[in-house]
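All remarks here apply to the structure that follows.
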Amino acid sequence: MILVTGATGNLGKATVEFLVKKIPANEVAVLVRDADKAKGLKELGVDVRIGNYHDKESLVKAFQGIEKVLLISSSDLEDRLGQQKRAVDAAKEAGVKHILYTGVSMQNLEKSALKPFMGVHFDTEKYILDSGLTYTFLRDNLYADVIPVFVGQQVQETGINFPAGNGRVPYTLRTEMAEAFANVLSSPGHENKTYEISNVESYSYQDVANAISAHSGKTVAYNDVSVADFSKALSEAGVPEEVIGFSLGFATATKDGDFDIPNTHLEQLLGRKPSSLDQFIGEIYQ
Ligand SMILES: NC(=O)c1ccc[n+]([C@@H]2O[C@H](COP(=O)([O-])OP(=O)(O)OC[C@H]3O[C@@H](n4cnc5c(N)ncnc54)[C@H](OP(=O)(O)O)[C@@H]3O)[C@@H](O)[C@H]2O)c1
């Protein structure tokens with residue numbers, strides 16, 4: 001039996017939807033913290049189990065009879081490392097054999113503007129290694145799905161104003177990551193492996209602007225604005241300080257090339273090339 005956590009979220013739900021096309025639904029379980037959000041999952045025929053990363057006993061109970069757990073990193077930032085350590089401890093206590101963890105694909109962690117936010121993924125991997133459980137690390141680069149968040153909903157009117165310089169990112173569709181995870185979960189040979197889940201090429205914000213221009217028919221400029229101008233504009237638009245800091249962290253890490261590590265692991269796991277920037281921008285801005 002395979003269990004997927006975070007199954008009410010985007011990545012977990014998509015993974016379960018791919019997984020039940022590959023193996024019988026009665027061999028799949030999901031961990032959710034809110035049963036009301038799991039109606040769609042129940043209809044797929046999977047076993048819905050209730051648990052919370054903050055409550056180890058709930059996890060030990062939910063992981064009974066499970067051989068493999070896909071631990072989707074927590075979106076709850078309060079004691080995130082503690083939550084994930086608890087999930088690893090619970091897996092071990094419940095007799096789970098193999099844990100797969102969705103971390104991050106990036107380089108230069110020590111110097112990265114995102115170290116406080118991303119370091120937890122590598123700390124979790126270390127904790128899993130130390131646990132002695134069989135592991136698979138699925139290190140995710142940035143979702144292509146977040147591009148509209150960074151460029152703004154009115155991008156065709158405003159252009160892209162983001163202090164990311166010429167930094168490049170091998171953006172990847174979240175559904176393609178999920179498809180690859182379902183392939184990994186349902187086939188042998190992934191024990192104690194680390195996969196960098198990235199696109200095969202990287203894209204700059206100038207590339208993003210060019211692709212949006214080509215698909216929308218409107219010329220969209222990329223402006224590598226200063227950090228001060230970016231912060232001022234967001235602040236004047238009423239964006240909370242915390243969110244401004246978070247966006248700036250991603251802009252700076254992008255500019256510094258922290259995510260610029262394209263890789264063919266995802267292509268191998270999918271058995272085809274991942275969608276390109278042109279393809280996913282075409283779907284969003286037509
Ligand atoms: N690579 C990227 O670009 C990128 C971007 C965004 C996020 N991420 C990371 O990737 C993860 C998956 O992405 P996503 O888009 O699927 O995020 P998402 O839609 O926010 O899903 C997060 C899932 O985690 C569950 N969760 C949160 N706190 C929990 C807790 N204390 N106990 C049990 N479950 C808990 C949520 O449950 P509820 O439905 O009950 O809230 C939800 O099912 C995120 O959690 C985040 O760590 C990566």
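In the structure tokens, chains take letters A, B, ... by order of appearance, with residues numbered from 1 within each chain and ligands from 1 in the order shown.
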
Selection as a ChimeraX atom specification: residues within 8 Å of ligand 1 by only C-alpha atoms and all ligand atoms: /A:5-13,31-34,37,51-54,72-76,83,102-104,140-146,174

Suppose we keep N, CA and C atoms; can you now write the selection as a short mmCIF file (atom, residue, chain, number, x, y, z; two decimals), in the first residue's frame?
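Result file follows (selection-v2.cif):
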```
data_model
loop_
_atom_site.label_atom_id
_atom_site.label_comp_id
_atom_site.auth_asym_id
_atom_site.auth_seq_id
_atom_site.Cartn_x
_atom_site.Cartn_y
_atom_site.Cartn_z
N THR A 5 0.91 11.99 1.20
CA THR A 5 0.47 13.06 2.12
C THR A 5 0.16 14.32 1.30
N GLY A 6 -0.33 15.35 1.96
CA GLY A 6 -0.64 16.61 1.26
C GLY A 6 -1.60 16.41 0.11
N ALA A 7 -2.48 15.39 0.25
CA ALA A 7 -3.29 14.97 -0.90
C ALA A 7 -4.45 15.90 -1.21
N THR A 8 -4.72 16.87 -0.31
CA THR A 8 -5.72 17.88 -0.63
C THR A 8 -5.06 19.07 -1.33
N GLY A 9 -3.74 19.05 -1.46
CA GLY A 9 -3.02 20.14 -2.13
C GLY A 9 -2.85 19.84 -3.61
N ASN A 10 -2.27 20.80 -4.32
CA ASN A 10 -2.13 20.70 -5.78
C ASN A 10 -1.27 19.51 -6.20
N LEU A 11 -0.08 19.42 -5.60
CA LEU A 11 0.88 18.39 -6.04
C LEU A 11 0.43 16.99 -5.61
N GLY A 12 -0.02 16.88 -4.35
CA GLY A 12 -0.44 15.58 -3.83
C GLY A 12 -1.65 15.05 -4.58
N LYS A 13 -2.63 15.91 -4.81
CA LYS A 13 -3.86 15.47 -5.48
C LYS A 13 -3.54 15.00 -6.90
N LEU A 31 -3.13 10.92 3.07
CA LEU A 31 -3.21 11.57 4.37
C LEU A 31 -3.78 12.96 4.16
N VAL A 32 -4.86 13.26 4.87
CA VAL A 32 -5.44 14.61 4.82
C VAL A 32 -5.69 15.06 6.26
N ARG A 33 -5.71 16.38 6.47
CA ARG A 33 -5.99 16.83 7.84
C ARG A 33 -7.43 17.28 7.98
N ASP A 34 -8.14 17.38 6.87
CA ASP A 34 -9.52 17.85 6.92
C ASP A 34 -10.36 16.94 6.01
N LYS A 37 -12.33 18.12 2.98
CA LYS A 37 -11.64 18.48 1.73
C LYS A 37 -11.32 17.25 0.89
N GLY A 51 -4.69 12.81 9.46
CA GLY A 51 -3.49 13.03 10.28
C GLY A 51 -2.96 14.43 10.07
N ASN A 52 -2.16 14.87 11.02
CA ASN A 52 -1.61 16.22 10.96
C ASN A 52 -0.11 16.14 11.30
N TYR A 53 0.71 16.85 10.54
CA TYR A 53 2.16 16.81 10.78
C TYR A 53 2.54 17.31 12.18
N HIS A 54 1.63 18.04 12.82
CA HIS A 54 1.92 18.53 14.17
C HIS A 54 1.64 17.48 15.24
N ILE A 72 4.90 14.86 1.06
CA ILE A 72 4.90 16.15 0.37
C ILE A 72 5.27 17.21 1.41
N SER A 73 6.24 18.05 1.09
CA SER A 73 6.70 19.02 2.08
C SER A 73 5.53 19.89 2.55
N SER A 74 5.60 20.27 3.82
CA SER A 74 4.47 21.00 4.41
C SER A 74 4.41 22.43 3.90
N SER A 75 3.18 22.91 3.71
CA SER A 75 2.97 24.30 3.32
C SER A 75 2.75 25.17 4.55
N ASP A 76 2.72 24.54 5.71
CA ASP A 76 2.48 25.25 6.98
C ASP A 76 3.87 25.62 7.53
N GLN A 83 7.60 19.41 11.91
CA GLN A 83 6.47 18.67 11.31
C GLN A 83 7.00 17.51 10.47
N THR A 102 9.57 15.30 -1.12
CA THR A 102 9.64 16.35 -2.14
C THR A 102 10.37 17.58 -1.59
N GLY A 103 11.66 17.65 -1.85
CA GLY A 103 12.47 18.79 -1.40
C GLY A 103 12.60 19.84 -2.49
N VAL A 104 13.79 20.44 -2.57
CA VAL A 104 13.98 21.51 -3.56
C VAL A 104 15.25 21.25 -4.37
N ASP A 140 12.38 19.27 -6.15
CA ASP A 140 11.60 20.02 -7.14
C ASP A 140 12.17 21.41 -7.40
N ASN A 141 12.39 21.70 -8.68
CA ASN A 141 12.72 23.08 -9.03
C ASN A 141 11.43 23.90 -8.98
N LEU A 142 11.45 25.14 -9.43
CA LEU A 142 10.26 25.98 -9.26
C LEU A 142 9.16 25.58 -10.22
N TYR A 143 7.92 25.66 -9.71
CA TYR A 143 6.76 25.37 -10.54
C TYR A 143 6.61 26.45 -11.61
N ALA A 144 6.35 26.03 -12.86
CA ALA A 144 5.96 27.00 -13.90
C ALA A 144 4.67 27.70 -13.49
N ASP A 145 3.87 26.96 -12.71
CA ASP A 145 2.56 27.47 -12.28
C ASP A 145 2.68 28.74 -11.43
N VAL A 146 3.90 29.02 -10.89
CA VAL A 146 4.03 30.23 -10.05
C VAL A 146 4.41 31.46 -10.88
N ARG A 174 3.71 21.67 -12.51
CA ARG A 174 3.44 20.85 -11.32
C ARG A 174 2.79 19.52 -11.70
#
```

Within 12 Å of Gly119 of chain A using only C-alpha atoms, minus same-chain residues under 2 positions, as an mmCIF file with N, CA and C atoms, in the first residue's frame:
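Output below, filename around-v4.cif:
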```cif
data_model
loop_
_atom_site.group_PDB
_atom_site.id
_atom_site.type_symbol
_atom_site.label_atom_id
_atom_site.label_comp_id
_atom_site.auth_asym_id
_atom_site.auth_seq_id
_atom_site.Cartn_x
_atom_site.Cartn_y
_atom_site.Cartn_z
ATOM 1 N N ARG A 80 8.167 23.982 10.542
ATOM 2 C CA ARG A 80 8.089 23.114 9.355
ATOM 3 C C ARG A 80 9.021 21.901 9.470
ATOM 4 N N LEU A 81 10.252 22.146 9.967
ATOM 5 C CA LEU A 81 11.184 21.027 10.110
ATOM 6 C C LEU A 81 10.650 20.026 11.136
ATOM 7 N N GLY A 103 11.664 17.649 -1.848
ATOM 8 C CA GLY A 103 12.466 18.791 -1.395
ATOM 9 C C GLY A 103 12.603 19.838 -2.486
ATOM 10 N N VAL A 104 13.785 20.439 -2.574
ATOM 11 C CA VAL A 104 13.983 21.507 -3.562
ATOM 12 C C VAL A 104 15.248 21.253 -4.374
ATOM 13 N N SER A 105 15.176 21.593 -5.665
ATOM 14 C CA SER A 105 16.336 21.496 -6.543
ATOM 15 C C SER A 105 16.956 22.879 -6.655
ATOM 16 N N MET A 106 18.067 23.063 -5.976
ATOM 17 C CA MET A 106 18.749 24.364 -6.043
ATOM 18 C C MET A 106 20.216 24.192 -5.680
ATOM 19 N N GLN A 107 21.015 25.225 -5.971
ATOM 20 C CA GLN A 107 22.434 25.204 -5.616
ATOM 21 C C GLN A 107 22.754 26.442 -4.776
ATOM 22 N N ASN A 108 23.983 26.520 -4.301
ATOM 23 C CA ASN A 108 24.471 27.690 -3.528
ATOM 24 C C ASN A 108 23.629 27.961 -2.285
ATOM 25 N N LEU A 109 23.141 26.900 -1.639
ATOM 26 C CA LEU A 109 22.228 27.107 -0.510
ATOM 27 C C LEU A 109 22.818 28.039 0.549
ATOM 28 N N GLU A 110 24.096 27.821 0.886
ATOM 29 C CA GLU A 110 24.669 28.573 2.011
ATOM 30 C C GLU A 110 24.625 30.079 1.781
ATOM 31 N N LYS A 111 24.791 30.493 0.494
ATOM 32 C CA LYS A 111 24.809 31.927 0.202
ATOM 33 C C LYS A 111 23.453 32.424 -0.287
ATOM 34 N N SER A 112 22.499 31.530 -0.418
ATOM 35 C CA SER A 112 21.240 31.909 -1.056
ATOM 36 C C SER A 112 20.383 32.816 -0.186
ATOM 37 N N ALA A 113 19.721 33.768 -0.855
ATOM 38 C CA ALA A 113 18.760 34.644 -0.161
ATOM 39 C C ALA A 113 17.616 33.814 0.406
ATOM 40 N N LEU A 114 17.425 32.591 -0.103
ATOM 41 C CA LEU A 114 16.316 31.752 0.361
ATOM 42 C C LEU A 114 16.751 30.688 1.369
ATOM 43 N N LYS A 115 17.999 30.815 1.879
ATOM 44 C CA LYS A 115 18.466 29.766 2.801
ATOM 45 C C LYS A 115 17.502 29.545 3.977
ATOM 46 N N PRO A 116 17.003 30.619 4.617
ATOM 47 C CA PRO A 116 16.117 30.371 5.768
ATOM 48 C C PRO A 116 14.868 29.579 5.382
ATOM 49 N N PHE A 117 14.414 29.751 4.144
ATOM 50 C CA PHE A 117 13.189 29.099 3.707
ATOM 51 C C PHE A 117 13.448 27.703 3.140
ATOM 52 N N HIS A 121 14.423 21.866 3.680
ATOM 53 C CA HIS A 121 14.322 20.692 2.807
ATOM 54 C C HIS A 121 15.564 19.803 2.952
ATOM 55 N N PHE A 122 16.733 20.458 2.991
ATOM 56 C CA PHE A 122 17.967 19.671 3.092
ATOM 57 C C PHE A 122 18.119 19.091 4.502
ATOM 58 N N ASP A 123 17.638 19.824 5.512
ATOM 59 C CA ASP A 123 17.664 19.296 6.886
ATOM 60 C C ASP A 123 16.749 18.068 6.988
ATOM 61 N N THR A 124 15.621 18.120 6.281
ATOM 62 C CA THR A 124 14.694 16.966 6.302
ATOM 63 C C THR A 124 15.341 15.772 5.601
ATOM 64 N N GLU A 125 15.995 16.037 4.469
ATOM 65 C CA GLU A 125 16.675 14.925 3.773
ATOM 66 C C GLU A 125 17.708 14.278 4.704
ATOM 67 N N LYS A 126 18.460 15.122 5.426
ATOM 68 C CA LYS A 126 19.492 14.570 6.315
ATOM 69 C C LYS A 126 18.839 13.708 7.403
#
```

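Using only C-alpha atoms, the contacts of segment 99-101 of chain A at a cut-off of 7 Å, with sequence neighbours closer than 4 positions omitted, comprise Lys68, Val69, Leu70, Leu71, Ile72, Leu133, Thr134, Tyr135, Thr136, Phe137 and Leu138 of chain A.
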
The selected residues should be written to file as a compact mmCIF listing (two decimals), in the first residue's frame (atoms: N, CA and C atoms).
```
# COMPACT_ATOMS: atom_id res chain seq x y z
N LYS A 68 5.12 2.35 1.38
CA LYS A 68 5.82 3.54 0.87
C LYS A 68 5.01 4.77 1.20
N VAL A 69 5.69 5.81 1.69
CA VAL A 69 5.02 7.09 1.94
C VAL A 69 5.66 8.16 1.05
N LEU A 70 4.83 8.87 0.30
CA LEU A 70 5.32 10.08 -0.38
C LEU A 70 5.01 11.24 0.55
N LEU A 71 6.07 11.79 1.15
CA LEU A 71 5.91 12.93 2.08
C LEU A 71 6.05 14.22 1.27
N ILE A 72 4.90 14.86 1.06
CA ILE A 72 4.90 16.15 0.37
C ILE A 72 5.27 17.21 1.41
N LEU A 133 15.77 4.68 6.95
CA LEU A 133 14.71 4.22 6.03
C LEU A 133 15.23 4.27 4.60
N THR A 134 14.70 3.40 3.75
CA THR A 134 14.98 3.52 2.32
C THR A 134 14.36 4.84 1.87
N TYR A 135 15.08 5.59 1.04
CA TYR A 135 14.58 6.92 0.68
C TYR A 135 14.60 7.11 -0.83
N THR A 136 13.82 8.08 -1.29
CA THR A 136 13.97 8.66 -2.62
C THR A 136 13.76 10.15 -2.46
N PHE A 137 14.72 10.95 -2.89
CA PHE A 137 14.57 12.40 -2.80
C PHE A 137 14.14 12.95 -4.16
N LEU A 138 12.98 13.59 -4.14
CA LEU A 138 12.41 14.18 -5.36
C LEU A 138 12.55 15.69 -5.21
```

What does the distance from atom CA of Ser58 of chain A to atom CA of Glu93 of chain A come to in Å, to one decimal?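 Atom CA of Ser58 of chain A sits 11.9 Å away from atom CA of Glu93 of chain A.
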
A:Val28, A:Leu44, A:Leu277, A:Val16: which is nearest Ala214 of chain A, counting only C-alpha atoms? A:Leu277

Can you tell me, as an mmCIF file with N, CA and C atoms, in the first residue's frame, what residues are no more than 10 Å from Lys22 of chain A when counting only C-alpha atoms, ignoring any on the same chain fewer than 5 positions away?
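The resulting file, result22.cif, is shown below:
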```cif
data_model
loop_
_atom_site.group_PDB
_atom_site.id
_atom_site.type_symbol
_atom_site.label_atom_id
_atom_site.label_comp_id
_atom_site.auth_asym_id
_atom_site.auth_seq_id
_atom_site.Cartn_x
_atom_site.Cartn_y
_atom_site.Cartn_z
ATOM 1 N N VAL A 16 -1.917 11.606 -6.863
ATOM 2 C CA VAL A 16 -2.882 10.519 -6.615
ATOM 3 C C VAL A 16 -3.680 10.240 -7.895
ATOM 4 N N GLU A 17 -4.068 11.297 -8.594
ATOM 5 C CA GLU A 17 -4.855 11.101 -9.825
ATOM 6 C C GLU A 17 -4.054 10.314 -10.876
ATOM 7 N N ALA A 182 4.170 9.683 -9.667
ATOM 8 C CA ALA A 182 3.330 8.476 -9.755
ATOM 9 C C ALA A 182 4.121 7.359 -10.440
ATOM 10 N N ASN A 183 4.905 7.704 -11.446
ATOM 11 C CA ASN A 183 5.738 6.696 -12.114
ATOM 12 C C ASN A 183 6.761 6.107 -11.136
ATOM 13 N N LEU A 185 6.541 6.055 -7.798
ATOM 14 C CA LEU A 185 5.861 5.293 -6.740
ATOM 15 C C LEU A 185 5.417 3.912 -7.206
ATOM 16 N N SER A 186 5.107 3.795 -8.496
ATOM 17 C CA SER A 186 4.515 2.547 -8.977
ATOM 18 C C SER A 186 5.514 1.642 -9.694
ATOM 19 N N SER A 187 6.812 1.973 -9.612
ATOM 20 C CA SER A 187 7.795 1.106 -10.277
ATOM 21 C C SER A 187 9.015 0.904 -9.373
#
```

Selection near segment 220-224 of chain A, 10 Å with only C-alpha atoms, sequence-local residues under 4 positions removed, as number ranges by chain: A: 151, 155-166, 204-214, 216, 230, 255
